[in-house]
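Novice: Okay, so here is final.txt, and as you'll see once you scroll down, it has compact mmCIF, C-alpha atoms and all ligand atoms.
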# COMPACT_ATOMS: atom_id res chain seq x y z
CA MET A 1 0.00 0.00 0.00
CA LYS A 2 2.73 2.39 1.05
CA GLN A 3 4.80 1.53 -1.97
CA SER A 4 1.92 2.09 -4.39
CA LYS A 5 1.33 5.53 -2.89
CA MET A 6 4.98 6.34 -3.46
CA VAL A 7 4.82 5.18 -7.06
CA PHE A 8 1.71 7.30 -7.55
CA LEU A 9 3.51 10.34 -6.10
CA GLY A 10 6.52 9.77 -8.35
CA VAL A 11 4.29 9.47 -11.41
CA ALA A 12 2.37 12.59 -10.39
CA ILE A 13 5.55 14.63 -9.98
CA THR A 14 6.93 13.39 -13.29
CA PHE A 15 3.61 14.28 -14.92
CA ALA A 16 3.78 17.76 -13.43
CA ALA A 17 7.40 18.22 -14.52
CA VAL A 18 6.81 17.04 -18.08
CA PHE A 19 3.38 18.39 -18.84
CA LEU A 20 3.18 21.57 -16.81
CA SER A 21 6.66 22.81 -17.67
CA PRO A 22 5.70 24.82 -20.79
CA TRP A 23 3.29 26.83 -18.65
CA CYS A 24 5.53 27.07 -15.63
CA HIS A 25 8.55 28.23 -17.67
CA LEU A 26 10.72 25.79 -15.80
CA ASP A 27 14.35 26.09 -16.64
CA GLY A 28 16.66 23.09 -16.70
CA ARG A 29 17.73 23.64 -13.15
CA GLU A 30 14.21 23.50 -11.78
CA GLY A 31 13.48 20.46 -13.94
CA ILE A 32 16.49 18.72 -12.44
CA ALA A 33 15.39 19.79 -9.00
CA LEU A 34 12.01 18.14 -9.57
CA GLY A 35 13.79 15.03 -10.78
CA LEU A 36 15.80 15.05 -7.57
CA ILE A 37 12.65 15.37 -5.52
CA SER A 38 11.05 12.37 -7.17
CA GLU A 39 14.22 10.31 -6.73
CA ALA A 40 14.57 11.55 -3.20
CA ASN A 41 10.99 10.60 -2.42
CA ALA A 42 11.56 7.19 -3.86
CA ALA A 43 14.50 6.78 -1.51
CA GLU A 44 12.49 8.30 1.36
CA SER A 45 15.19 10.90 2.09
CA PRO A 46 14.88 14.68 2.06
CA VAL A 47 16.37 16.87 -0.68
CA LYS A 48 20.00 17.52 0.12
CA VAL A 49 20.87 21.00 1.24
CA SER A 50 24.12 22.27 2.65
CA PRO A 51 24.75 24.71 5.48
CA VAL A 52 27.85 26.03 3.72
CA LYS A 53 27.30 25.61 -0.03
CA ALA A 54 25.40 28.33 -1.88
CA ARG A 55 22.36 27.40 -3.90
CA GLU A 56 21.53 29.05 -7.20
CA ARG A 57 19.00 31.83 -6.75
CA ASP A 58 16.24 32.85 -9.08
CA VAL A 59 17.23 36.50 -9.10
CA TYR A 60 19.11 38.56 -11.66
CA PHE A 61 22.20 40.21 -10.23
CA PRO A 62 23.39 42.83 -12.75
CA ASN A 63 26.94 42.47 -13.98
CA SER A 64 27.12 38.84 -12.87
CA GLU A 65 25.66 36.93 -15.84
CA ASP A 66 26.88 36.54 -19.41
CA LEU A 67 24.32 37.05 -22.14
CA GLY A 68 24.01 34.12 -24.54
CA ARG A 69 24.88 34.64 -28.22
CA ASP A 70 21.25 34.22 -29.26
CA GLU A 71 19.73 35.68 -26.13
CA MET A 72 17.88 38.94 -25.51
CA ARG A 73 17.57 40.46 -22.07
CA VAL A 74 14.98 43.13 -21.35
CA VAL A 75 15.10 45.11 -18.11
CA ALA A 76 12.25 47.36 -16.95
CA CYS A 77 13.97 50.58 -15.84
CA GLY A 78 10.73 52.51 -15.42
CA THR A 79 7.14 51.29 -15.30
CA GLY A 80 5.30 54.10 -13.53
CA MET A 81 3.42 57.28 -14.27
CA PRO A 82 4.00 60.99 -14.92
CA THR A 83 3.49 61.62 -11.19
CA THR A 84 6.83 60.68 -9.67
CA ARG A 85 7.39 58.22 -6.82
CA SER A 86 10.46 56.47 -5.49
CA ALA A 87 8.99 52.98 -5.97
CA GLN A 88 8.62 53.35 -9.74
CA ALA A 89 10.40 55.50 -12.30
CA ALA A 90 8.50 56.51 -15.45
CA ALA A 91 8.60 54.62 -18.76
CA CYS A 92 11.89 53.00 -19.73
CA PHE A 93 12.84 49.56 -21.04
CA LEU A 94 16.40 48.48 -21.77
CA VAL A 95 16.97 45.80 -24.41
CA GLU A 96 20.33 43.99 -24.39
CA LEU A 97 21.31 41.61 -27.17
CA GLY A 98 23.81 38.78 -27.33
CA ASN A 99 25.70 40.63 -30.10
CA GLY A 100 26.58 43.35 -27.59
CA ASP A 101 24.06 45.95 -28.78
CA LYS A 102 21.91 47.75 -26.24
CA PHE A 103 18.86 49.91 -26.88
CA ILE A 104 16.86 52.08 -24.52
CA PHE A 105 13.17 52.54 -25.28
CA ASP A 106 11.81 55.70 -23.63
CA ILE A 107 13.74 57.46 -20.93
CA GLY A 108 11.09 58.62 -18.45
CA SER A 109 11.67 60.62 -15.29
CA GLY A 110 13.77 58.71 -12.77
CA SER A 111 14.82 55.96 -15.17
CA ALA A 112 18.46 57.09 -15.43
CA GLU A 113 18.90 56.10 -11.79
CA ARG A 114 17.58 52.62 -12.52
CA ILE A 115 19.93 52.33 -15.48
CA SER A 116 22.91 53.32 -13.33
CA ALA A 117 22.10 50.48 -10.94
CA LEU A 118 22.76 47.99 -13.77
CA GLN A 119 26.45 49.03 -13.90
CA ILE A 120 26.70 49.00 -17.69
CA PRO A 121 29.53 51.05 -19.22
CA TYR A 122 27.94 54.19 -20.67
CA ASP A 123 29.49 53.89 -24.12
CA TYR A 124 27.18 50.91 -24.55
CA LEU A 125 24.16 53.02 -23.57
CA ASP A 126 24.28 55.50 -26.43
CA LYS A 127 21.08 54.59 -28.31
CA ILE A 128 17.73 55.89 -27.07
CA PHE A 129 14.41 55.51 -28.89
CA VAL A 130 11.59 57.72 -27.66
CA GLY A 131 7.99 56.89 -28.55
CA HIS A 132 6.66 60.36 -27.77
CA LEU A 133 7.67 63.52 -26.00
CA HIS A 134 5.69 63.41 -22.74
CA ALA A 135 7.84 64.11 -19.70
CA ASP A 136 7.24 60.63 -18.32
CA HIS A 137 8.91 59.26 -21.49
CA ILE A 138 11.81 61.71 -21.93
CA GLY A 139 12.25 63.15 -18.42
CA SER A 140 15.63 61.50 -17.82
CA LEU A 141 17.08 62.33 -21.24
CA ALA A 142 19.17 65.15 -19.79
CA GLU A 143 20.59 62.82 -17.15
CA MET A 144 21.69 60.42 -19.88
CA PHE A 145 23.08 63.34 -21.90
CA ILE A 146 25.08 65.12 -19.18
CA GLY A 147 25.25 62.41 -16.51
CA GLY A 148 25.98 59.68 -19.06
CA ALA A 149 28.97 61.63 -20.35
CA LEU A 150 30.15 62.24 -16.78
CA MET A 151 29.77 58.52 -16.10
CA GLY A 152 32.06 57.68 -19.01
CA ARG A 153 30.26 57.91 -22.35
CA GLN A 154 32.90 59.10 -24.80
CA ASN A 155 30.65 59.29 -27.85
CA PRO A 156 27.61 61.42 -28.67
CA LEU A 157 24.29 60.23 -27.31
CA ARG A 158 22.12 59.05 -30.21
CA VAL A 159 18.39 59.70 -30.02
CA TRP A 160 15.66 58.47 -32.35
CA GLY A 161 12.19 59.97 -32.08
CA PRO A 162 9.17 60.92 -34.15
CA SER A 163 8.36 64.10 -36.02
CA GLY A 164 5.24 66.06 -35.08
CA SER A 165 2.58 67.68 -37.23
CA VAL A 166 4.75 70.85 -37.17
CA PRO A 167 8.51 71.11 -36.49
CA GLU A 168 7.93 72.52 -32.97
CA LEU A 169 6.19 69.28 -32.00
CA GLY A 170 9.00 67.02 -33.18
CA THR A 171 11.89 65.26 -31.44
CA ALA A 172 14.62 67.38 -33.06
CA TYR A 173 13.07 70.55 -31.63
CA ALA A 174 12.71 69.02 -28.14
CA VAL A 175 16.31 67.80 -28.07
CA GLN A 176 17.68 71.07 -29.44
CA LYS A 177 15.84 73.04 -26.74
CA MET A 178 17.06 70.63 -24.05
CA GLU A 179 20.63 71.14 -25.23
CA GLU A 180 20.10 74.91 -25.16
CA MET A 181 18.65 74.64 -21.66
CA TYR A 182 22.01 73.21 -20.56
CA THR A 183 24.14 75.93 -22.17
CA TRP A 184 25.34 77.11 -18.77
CA ASP A 185 26.08 73.54 -17.64
CA LEU A 186 28.09 72.77 -20.77
CA ALA A 187 29.92 76.14 -20.74
CA GLY A 188 31.16 75.31 -17.24
CA ARG A 189 32.46 71.86 -18.21
CA VAL A 190 34.05 72.44 -21.59
CA GLY A 191 37.81 72.59 -21.32
CA LEU A 192 37.83 70.68 -18.03
CA VAL A 193 36.59 67.24 -19.16
CA ASP A 194 36.77 64.86 -22.12
CA PHE A 195 34.04 66.68 -24.06
CA ARG A 196 33.34 64.08 -26.74
CA GLY A 197 30.35 62.62 -24.89
CA TYR A 198 28.62 65.98 -24.39
CA ALA A 199 26.92 65.90 -27.77
CA ILE A 200 23.62 64.58 -29.08
CA GLU A 201 22.82 63.17 -32.48
CA VAL A 202 19.09 63.36 -33.30
CA ASN A 203 17.42 61.08 -35.79
CA GLU A 204 13.90 62.33 -36.33
CA PHE A 205 11.69 60.13 -38.46
CA ASP A 206 8.17 60.52 -39.87
CA TYR A 207 5.61 59.56 -37.22
CA ARG A 208 3.28 58.41 -40.00
CA GLY A 209 5.64 55.64 -41.12
CA GLU A 210 3.79 52.29 -41.03
CA ASN A 211 6.24 49.60 -39.99
CA ALA A 212 8.96 51.84 -41.42
CA VAL A 213 12.57 50.82 -40.80
CA ILE A 214 14.20 53.55 -38.72
CA TYR A 215 17.33 51.64 -37.68
CA LYS A 216 19.21 48.77 -39.31
CA ASP A 217 22.66 47.75 -38.20
CA ASN A 218 24.57 44.73 -36.98
CA GLY A 219 21.63 42.39 -37.68
CA VAL A 220 19.15 44.54 -35.74
CA THR A 221 16.10 46.11 -37.38
CA ILE A 222 13.95 48.63 -35.55
CA ARG A 223 10.67 49.78 -37.07
CA SER A 224 8.11 52.36 -36.03
CA PHE A 225 4.37 52.60 -36.49
CA PRO A 226 1.88 55.29 -35.48
CA ALA A 227 0.39 55.34 -32.00
CA ILE A 228 -2.75 57.18 -30.87
CA HIS A 229 -2.05 59.31 -27.83
CA SER A 230 -2.69 62.93 -26.91
CA LEU A 231 -1.67 64.56 -30.25
CA ASP A 232 -0.29 63.46 -33.61
CA GLY A 233 3.32 62.29 -33.24
CA PRO A 234 3.53 59.29 -30.88
CA VAL A 235 4.79 55.96 -32.24
CA SER A 236 5.37 52.38 -31.12
CA PHE A 237 8.46 50.32 -31.98
CA SER A 238 9.43 46.79 -32.88
CA LEU A 239 12.97 45.42 -32.66
CA GLU A 240 13.91 42.27 -34.54
CA TRP A 241 17.15 40.36 -34.20
CA LYS A 242 18.06 36.74 -34.88
CA GLY A 243 14.43 35.65 -35.14
CA LEU A 244 13.45 37.32 -31.84
CA LYS A 245 10.99 40.18 -31.76
CA PHE A 246 10.49 42.78 -29.04
CA VAL A 247 7.67 45.33 -29.26
CA PHE A 248 7.38 48.50 -27.22
CA GLY A 249 4.13 50.46 -27.40
CA SER A 250 5.25 53.55 -25.44
CA ASP A 251 1.81 55.14 -24.88
CA THR A 252 -1.09 54.39 -27.15
CA PHE A 253 -4.79 53.78 -27.38
CA PRO A 254 -5.38 50.35 -28.96
CA ASN A 255 -4.91 50.75 -32.68
CA LYS A 256 -4.84 48.90 -35.99
CA TRP A 257 -1.12 49.46 -36.56
CA PHE A 258 -0.14 47.88 -33.27
CA ASN A 259 -2.41 44.92 -33.92
CA GLU A 260 -0.80 44.35 -37.27
CA TYR A 261 2.88 45.07 -36.62
CA ALA A 262 3.19 43.69 -33.09
CA LYS A 263 2.14 40.24 -34.32
CA ASP A 264 4.53 37.28 -33.98
CA ALA A 265 6.42 38.98 -31.19
CA ASP A 266 8.15 37.26 -28.29
CA LEU A 267 7.78 40.07 -25.78
CA VAL A 268 5.15 42.79 -26.20
CA VAL A 269 5.25 45.75 -23.81
CA HIS A 270 2.08 47.83 -23.94
CA GLU A 271 0.73 50.46 -21.61
CA CYS A 272 -2.00 49.44 -19.19
CA PHE A 273 -3.32 52.34 -17.19
CA VAL A 274 -4.59 52.65 -13.63
CA THR A 275 -8.22 51.44 -13.40
CA VAL A 276 -10.96 54.07 -13.58
CA PRO A 277 -12.12 53.50 -9.95
CA ASP A 278 -8.54 53.96 -8.70
CA LEU A 279 -8.06 57.10 -10.80
CA ILE A 280 -11.06 58.54 -8.96
CA LYS A 281 -10.15 57.20 -5.53
CA LYS A 282 -6.38 57.62 -5.47
CA MET A 283 -5.59 60.29 -8.06
CA GLY A 284 -8.56 62.47 -7.16
CA PHE A 285 -9.88 62.59 -10.72
CA THR A 286 -13.51 63.45 -11.37
CA PRO A 287 -15.43 60.50 -12.90
CA GLU A 288 -15.50 62.35 -16.25
CA GLN A 289 -11.71 62.91 -16.17
CA ALA A 290 -11.04 59.35 -15.04
CA LEU A 291 -13.12 57.87 -17.84
CA LEU A 292 -11.53 60.10 -20.45
CA VAL A 293 -7.90 59.65 -19.33
CA GLY A 294 -8.29 56.04 -18.19
CA THR A 295 -10.00 54.71 -21.30
CA GLN A 296 -9.55 57.17 -24.19
CA VAL A 297 -6.13 58.86 -23.77
CA HIS A 298 -4.62 55.68 -22.34
CA THR A 299 -5.29 51.95 -22.58
CA SER A 300 -7.41 50.52 -19.78
CA PRO A 301 -6.57 47.04 -18.42
CA GLU A 302 -9.63 45.52 -20.18
CA ALA A 303 -8.53 47.09 -23.47
CA PHE A 304 -4.94 45.93 -22.89
CA GLY A 305 -6.24 42.38 -22.52
CA LYS A 306 -8.29 42.69 -25.70
CA VAL A 307 -5.21 43.82 -27.66
CA MET A 308 -3.14 40.91 -26.34
CA SER A 309 -5.90 38.42 -27.16
CA MET A 310 -5.85 39.65 -30.73
CA ILE A 311 -2.06 39.68 -31.29
CA LYS A 312 -1.22 36.69 -29.06
CA PRO A 313 2.39 37.45 -28.11
CA LYS A 314 4.56 34.77 -26.57
CA HIS A 315 4.55 36.96 -23.47
CA ALA A 316 2.64 40.16 -22.72
CA VAL A 317 3.92 42.92 -20.44
CA ALA A 318 1.60 45.50 -18.91
CA TYR A 319 3.15 48.72 -17.57
CA HIS A 320 2.24 52.34 -16.82
CA PHE A 321 0.25 51.89 -13.62
CA PHE A 322 1.17 52.29 -9.97
CA LYS A 323 1.70 48.71 -8.89
CA ASP A 324 0.63 48.55 -5.28
CA PHE A 325 -0.78 45.95 -2.91
CA ASP A 326 -4.20 47.47 -3.34
CA THR A 327 -4.20 48.27 -7.07
CA THR A 328 -2.60 45.24 -8.71
CA ALA A 329 -5.41 42.75 -8.20
CA ALA A 330 -7.93 45.02 -9.90
CA VAL A 331 -5.62 45.56 -12.88
CA ASN A 332 -5.05 41.81 -13.16
CA ASP A 333 -8.76 40.95 -12.84
CA ARG A 334 -9.68 43.39 -15.57
CA ILE A 335 -6.94 42.15 -17.92
CA ARG A 336 -8.08 38.58 -17.28
CA LYS A 337 -11.60 39.44 -18.43
CA THR A 338 -10.20 39.71 -21.95
CA TYR A 339 -6.86 37.85 -22.02
CA ASP A 340 -5.72 34.52 -20.62
CA GLY A 341 -2.20 34.23 -22.06
CA PRO A 342 1.27 34.65 -20.50
CA LEU A 343 1.51 37.97 -18.69
CA SER A 344 3.81 40.10 -16.56
CA LEU A 345 2.49 43.04 -14.59
CA ALA A 346 5.69 45.03 -14.83
CA GLU A 347 7.47 46.78 -12.04
CA ASP A 348 10.90 48.40 -11.99
CA PHE A 349 13.78 45.93 -12.30
CA MET A 350 11.69 43.11 -13.71
CA VAL A 351 13.89 41.17 -16.15
CA TRP A 352 13.00 38.96 -19.12
CA ASN A 353 15.61 36.64 -20.65
CA ILE A 354 14.37 35.68 -24.08
CA THR A 355 15.56 32.88 -26.34
CA LYS A 356 13.77 31.03 -29.12
CA ASP A 357 12.60 28.37 -26.65
CA ASP A 358 12.02 30.20 -23.42
CA ILE A 359 11.14 33.45 -21.70
CA ARG A 360 12.44 33.55 -18.17
CA VAL A 361 11.03 36.24 -15.89
CA ARG A 362 12.85 37.36 -12.78
CA MET A 363 13.44 40.39 -10.66
CA ALA A 364 16.84 42.05 -10.54
CA ALA A 365 18.45 42.57 -7.15
CA VAL A 366 20.43 45.76 -7.48
CA GLU A 367 22.97 47.70 -5.50
CA GLU A 368 21.86 51.24 -4.85
CA HIS A 369 25.28 52.59 -3.97
CA THR A 370 26.85 52.20 -7.39
CA TRP A 371 29.62 54.36 -8.81
CA ALA A 372 30.50 54.99 -12.44
CA PRO A 373 31.15 51.73 -14.31
CA PRO A 374 34.48 51.21 -16.11
CA LEU A 375 35.31 53.10 -19.30
CA VAL A 376 35.18 51.24 -22.59
CA SER A 377 38.21 53.08 -23.98
CA LYS A 378 40.91 55.42 -22.75
CA PRO A 379 39.78 58.94 -21.82
CA GLU A 380 41.07 61.86 -23.83
CA VAL A 381 42.44 64.94 -22.09
CA PRO A 382 40.41 68.07 -22.83
CA GLN A 383 41.39 69.54 -26.20
CA LYS A 384 42.83 73.06 -26.29
CA ASP A 385 40.24 74.33 -28.75
CA ASP A 386 37.20 72.72 -27.02
CA LYS A 387 36.24 76.05 -25.41
CA GLY A 388 36.77 78.05 -28.58
CA LYS A 389 34.66 75.64 -30.63
CA PHE A 390 31.87 75.67 -28.06
CA SER A 391 31.95 79.46 -27.87
CA GLU A 392 31.62 79.72 -31.63
CA GLU A 393 28.88 77.11 -31.92
CA VAL A 394 26.74 78.32 -29.04
CA GLY A 395 27.47 82.05 -29.19
CA VAL A 396 28.73 82.42 -25.61
CA PRO A 397 31.73 84.82 -25.55
CA LEU A 398 34.96 83.02 -24.66
CA ASP A 399 35.80 85.52 -21.88
CA LYS A 400 32.49 84.73 -20.18
CA MET A 401 33.31 81.04 -19.81
CA GLY A 402 34.99 81.42 -16.44
CA TYR A 403 34.79 83.62 -13.32
CA SER A 404 34.65 87.39 -13.50
CA ASP A 405 36.95 89.47 -11.25
CA PHE A 406 33.82 90.22 -9.18
CA ILE A 407 33.28 86.56 -8.31
CA LYS A 408 37.00 85.78 -7.95
CA GLY A 409 37.20 88.60 -5.41
CA GLY A 410 34.76 86.73 -3.19
CA ARG A 411 37.03 83.74 -2.55
CA LEU A 412 37.94 83.21 1.11
CA ALA A 413 41.73 83.54 1.19
CA GLU A 414 41.95 81.63 4.49
CA VAL A 415 40.77 78.45 2.80
CA ASP A 416 43.71 78.47 0.37
CA GLU A 417 46.04 77.56 3.23
CA VAL A 418 43.88 74.54 4.11
CA LEU A 419 43.69 73.41 0.52
CA ARG A 420 47.45 73.80 -0.01
CA GLU A 421 47.79 71.09 2.62
CA THR A 422 45.58 68.76 0.54
CA TYR A 423 47.81 69.37 -2.48
CA LYS A 424 50.90 68.70 -0.36
CA GLU A 425 49.36 65.48 0.97
CA ALA A 426 48.56 64.27 -2.56
CA SER A 427 52.06 65.17 -3.79
CA GLU A 428 53.67 63.19 -0.97
CA ALA A 429 51.32 60.23 -1.33
CA LEU A 430 51.66 59.96 -5.09
CA GLY A 431 55.33 60.95 -5.37
CA ARG A 432 54.93 63.84 -7.79
CA GLU A 433 54.43 67.55 -7.39
CA PHE A 434 50.92 68.93 -7.75
CA GLU A 435 51.09 72.67 -8.03
CA TYR A 436 48.41 74.69 -6.25
CA PRO A 437 46.44 76.66 -8.87
CA SER A 438 47.25 80.33 -9.14
CA LYS A 439 44.30 82.66 -8.71
ZN ZN B 1 2.20 59.90 -22.81
ZN ZN B 2 3.11 57.88 -20.34
Mind converting the file's structure to structure tokens?
Specialist:
Amino acid sequence: MKQSKMVFLGVAITFAAVFLSPWCHLDGREGIALGLISEANAAESPVKVSPVKARERDVYFPNSEDLGRDEMRVVACGTGMPTTRSAQAAACFLVELGNGDKFIFDIGSGSAERISALQIPYDYLDKIFVGHLHADHIGSLAEMFIGGALMGRQNPLRVWGPSGSVPELGTAYAVQKMEEMYTWDLAGRVGLVDFRGYAIEVNEFDYRGENAVIYKDNGVTIRSFPAIHSLDGPVSFSLEWKGLKFVFGSDTFPNKWFNEYAKDADLVVHECFVTVPDLIKKMGFTPEQALLVGTQVHTSPEAFGKVMSMIKPKHAVAYHFFKDFDTTAAVNDRIRKTYDGPLSLAEDFMVWNITKDDIRVRMAAVEEHTWAPPLVSKPEVPQKDDKGKFSEEVGVPLDKMGYSDFIKGGRLAEVDEVLRETYKEASEALGREFEYPSK
């Protein structure tokens, strides 16, 4: 009797391992673990654990895992809303490919901090695709522009984004004005730092392009198609590489282009907004506002589910809602009214490893106290004519790129003595003379 029960248990576990695995996304390790359990049960002994040996953990630790040659890794670096919060940055998804290429889709407020936690050298983070120009999708662009260069990017930042119905509503205009906004910042840095990274290349493309190729290099093709959101201009993207397809909706009301061009994708990221009742209760919207914003400007969870049921991705990702203990169930319930396929309700630092056979979903465990990652190539000392070139290009007089006598006259002379000591200390410690700057 006892033996037959054991046999039954073994058969049941084997059944679960073999037949449930496609739905459970079991990796080999878990499959082996199940095998061990069934063997262990047969031998009536517990699974072996060790008090001193580490076990593999189902968490992604950045900068600790190689990416397979045919593998794509997607990291959610922002999944929230235009209203900022420390739990969730605004829209941003990083796509890393086994060929070494990396692409950032949207760079919403707060997302640059998430990116820095991944400890990726900044020369590899030079390609940003923005779906539209709302602050929650471009709010961290300046941090990638200035901060990215400070953190070691030695090449211009490259930005792709849509045109608008007039030039003032396009990406080139937005980026140009952002650069102008930082004239003072740049004027204070030029001549002191390797200035090659403090530049932006803009690639504005027609927002009306339907599945139009906007990037093709190194085996990667990125296409854009129109989105419906707020004004003319927004787009969604697809990225194809080695038979894998990633789709990023940015913000959009469900539309015919998405349904057509997001088909056959492995991972489809589409907005899924806060439910109408929560917009009223938690955001303080009037019912009229909540209905308009929650169902017409954005995609409601029910509508998100409908879209996914129609395009049937290998794995659907819902983002753009505040994911809390008291909001998530309602979002899930409403999606499940219209969609029963594989689904992630995204939050910051969710990670998808995608191969032809499997999509593995985990959370990243990140260090918050990160410093700048290593440089990809040797830094260049500031060039003598950097300041002159900048002055000419931007129209700031060369003699204004420094302190006036008025400001210099405000320096506390007593502090010089203290700082001379620091120079002396460094000279002694490093065995060469560092001369204290003359005033
Ligand atoms: Zn938007
Ligand atoms: Zn948005």
Novice: Out of A:Asp136, A:Asp385, A:Asp324, A:Asp123, which residue has the shortest atom-to-atom distance to ligand ZN 2 (chain B) when counting only C-alpha atoms and all ligand atoms?
Specialist: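 With only C-alpha atoms and all ligand atoms as the atom set, the closest residue is A:Asp136.
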Novice: Counting all atoms listed in the file, what are the residues, protein, DNA or RNA alike, that approach ligand ZN 2 (chain B) to within 8 Å? I want them as number ranges by chain.
Specialist: A: 81-82, 90-91, 134-137, 250-251, 271, 320
Novice: To one decimal in Å, tell me the separation between CA of Ile335 in chain A and CA of Ser86 in chain A.
Specialist: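 Between CA of Ile335 in chain A and CA of Ser86 in chain A the gap works out to 25.7 Å.
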Novice: Rank A:Gly131, A:Gly110, A:Pro51, A:Pro373 by their smallest atom-to-atom distance to ligand ZN 1 (chain B), using only C-alpha atoms and all ligand atoms, and report the top residue only.
Specialist: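 Of A:Gly131, A:Gly110, A:Pro51, A:Pro373, the one nearest ligand ZN 1 (chain B) is A:Gly131, counting only C-alpha atoms and all ligand atoms.
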Novice: Rounded to one decimal in Å, what is the spacing between CA of Leu141 in chain A and CA of Ala117 in chain A?
Specialist: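 Rounded to one decimal, the two atoms are 16.5 Å apart.
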Novice: Interatomic distance between CA of Val331 in chain A and CA of Arg360 in chain A?
Specialist: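 So the two atoms, CA of Val331 in chain A and CA of Arg360 in chain A, lie 22.3 Å apart.
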Novice: What's the 8 Å shell around Phe246 in chain A, counting all atoms listed in the file, without same-chain residues fewer than 6 positions away, as a list in words?
Specialist: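 The filter keeps Ser238, Leu239, Glu240, Ala265, Asp266, Leu267, Val268 and Val269 of chain A.
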Novice: Would you mind telling me which residue in A:Ala187, A:Ile115, A:Ala76, A:Val297 lies nearest to Phe273 in chain A when using all atoms listed in the file?
Specialist: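 Checking each candidate against Phe273 in chain A, we get A:Val297 as the closest.
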Novice: For Gly249 in chain A, which residue among A:Phe205, A:Tyr124, A:Phe304, A:Tyr198 is the nearest when counting all atoms listed in the file?
Specialist: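 Closest candidate: A:Phe304.
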Novice: Could you check which of A:Asp58, A:Asp206, A:Asp278, A:Glu367 is closest to Gln119 in chain A, using all atoms listed in the file?
Specialist: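 Of A:Asp58, A:Asp206, A:Asp278, A:Glu367, the one nearest Gln119 in chain A is A:Glu367, counting all atoms listed in the file.
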Novice: Which residue, A:Met308, A:Ile214, A:Ala199, A:Leu125, has the smallest gap to Arg336 in chain A when you use all atoms listed in the file?
Specialist: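 For Arg336 in chain A, the nearest of the candidates is A:Met308.
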Novice: For Trp257 in chain A, find every residue with an atom within 12 Å (counting only C-alpha atoms), except residues of its own chain fewer than 4 positions away, and show them as a ChimeraX atom specification.
Specialist: /A:208-212,223-228,235-238,249,252-253,261-263,307,311
Novice: Env of Glu204 in chain A: 12 Å cut, atoms = only C-alpha atoms, seq-sep filter 2 positions within chain, self excluded. Answer as a PDB file with C-alpha atoms, in the frame of the given file.
Specialist:
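Result file is part_27.pdb:
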ATOM      1  CA  ILE A 128      17.730  55.890 -27.070  1.00  0.00           C
ATOM      2  CA  PHE A 129      14.410  55.510 -28.890  1.00  0.00           C
ATOM      3  CA  VAL A 130      11.590  57.720 -27.660  1.00  0.00           C
ATOM      4  CA  GLY A 131       7.990  56.890 -28.550  1.00  0.00           C
ATOM      5  CA  HIS A 132       6.660  60.360 -27.770  1.00  0.00           C
ATOM      6  CA  ARG A 158      22.120  59.050 -30.210  1.00  0.00           C
ATOM      7  CA  VAL A 159      18.390  59.700 -30.020  1.00  0.00           C
ATOM      8  CA  TRP A 160      15.660  58.470 -32.350  1.00  0.00           C
ATOM      9  CA  GLY A 161      12.190  59.970 -32.080  1.00  0.00           C
ATOM     10  CA  PRO A 162       9.170  60.920 -34.150  1.00  0.00           C
ATOM     11  CA  SER A 163       8.360  64.100 -36.020  1.00  0.00           C
ATOM     12  CA  GLY A 164       5.240  66.060 -35.080  1.00  0.00           C
ATOM     13  CA  PRO A 167       8.510  71.110 -36.490  1.00  0.00           C
ATOM     14  CA  LEU A 169       6.190  69.280 -32.000  1.00  0.00           C
ATOM     15  CA  GLY A 170       9.000  67.020 -33.180  1.00  0.00           C
ATOM     16  CA  THR A 171      11.890  65.260 -31.440  1.00  0.00           C
ATOM     17  CA  ALA A 172      14.620  67.380 -33.060  1.00  0.00           C
ATOM     18  CA  TYR A 173      13.070  70.550 -31.630  1.00  0.00           C
ATOM     19  CA  ALA A 174      12.710  69.020 -28.140  1.00  0.00           C
ATOM     20  CA  VAL A 175      16.310  67.800 -28.070  1.00  0.00           C
ATOM     21  CA  GLN A 176      17.680  71.070 -29.440  1.00  0.00           C
ATOM     22  CA  GLU A 201      22.820  63.170 -32.480  1.00  0.00           C
ATOM     23  CA  VAL A 202      19.090  63.360 -33.300  1.00  0.00           C
ATOM     24  CA  ASP A 206       8.170  60.520 -39.870  1.00  0.00           C
ATOM     25  CA  TYR A 207       5.610  59.560 -37.220  1.00  0.00           C
ATOM     26  CA  ARG A 208       3.280  58.410 -40.000  1.00  0.00           C
ATOM     27  CA  GLY A 209       5.640  55.640 -41.120  1.00  0.00           C
ATOM     28  CA  ILE A 214      14.200  53.550 -38.720  1.00  0.00           C
ATOM     29  CA  TYR A 215      17.330  51.640 -37.680  1.00  0.00           C
ATOM     30  CA  SER A 224       8.110  52.360 -36.030  1.00  0.00           C
ATOM     31  CA  GLY A 233       3.320  62.290 -33.240  1.00  0.00           C
ATOM     32  CA  VAL A 235       4.790  55.960 -32.240  1.00  0.00           C
TER      33      VAL A 235
END
Novice: Take every atom of range 401-418 of chain A listed in the file, pad by 4 Å on each side, and give me the axis-aligned box centre and edge lengths in Å, one decimal, as AutoDock Vina command-line options.
Specialist:
--center_x 39.7 --center_y 82.4 --center_z -7.7 --size_x 20.8 --size_y 23.7 --size_z 32.3
Novice: Skipping near chain neighbours, those fewer than 5 positions away, what residues fall within 6 Å of Phe103 in chain A using all atoms listed in the file, listed as number ranges by chain?
Specialist: A: 94-95, 127
Novice: Identify, on the basis of all atoms listed in the file, every residue whose closest approach to Val361 in chain A does not exceed 12 Å; exclude the query and any residue fewer than 4 positions from it along the same chain; express the result as an MDAnalysis selection string.
Specialist: chainID A and resid 24:27 58:60 73:76 267 315:317 342:347 349:355
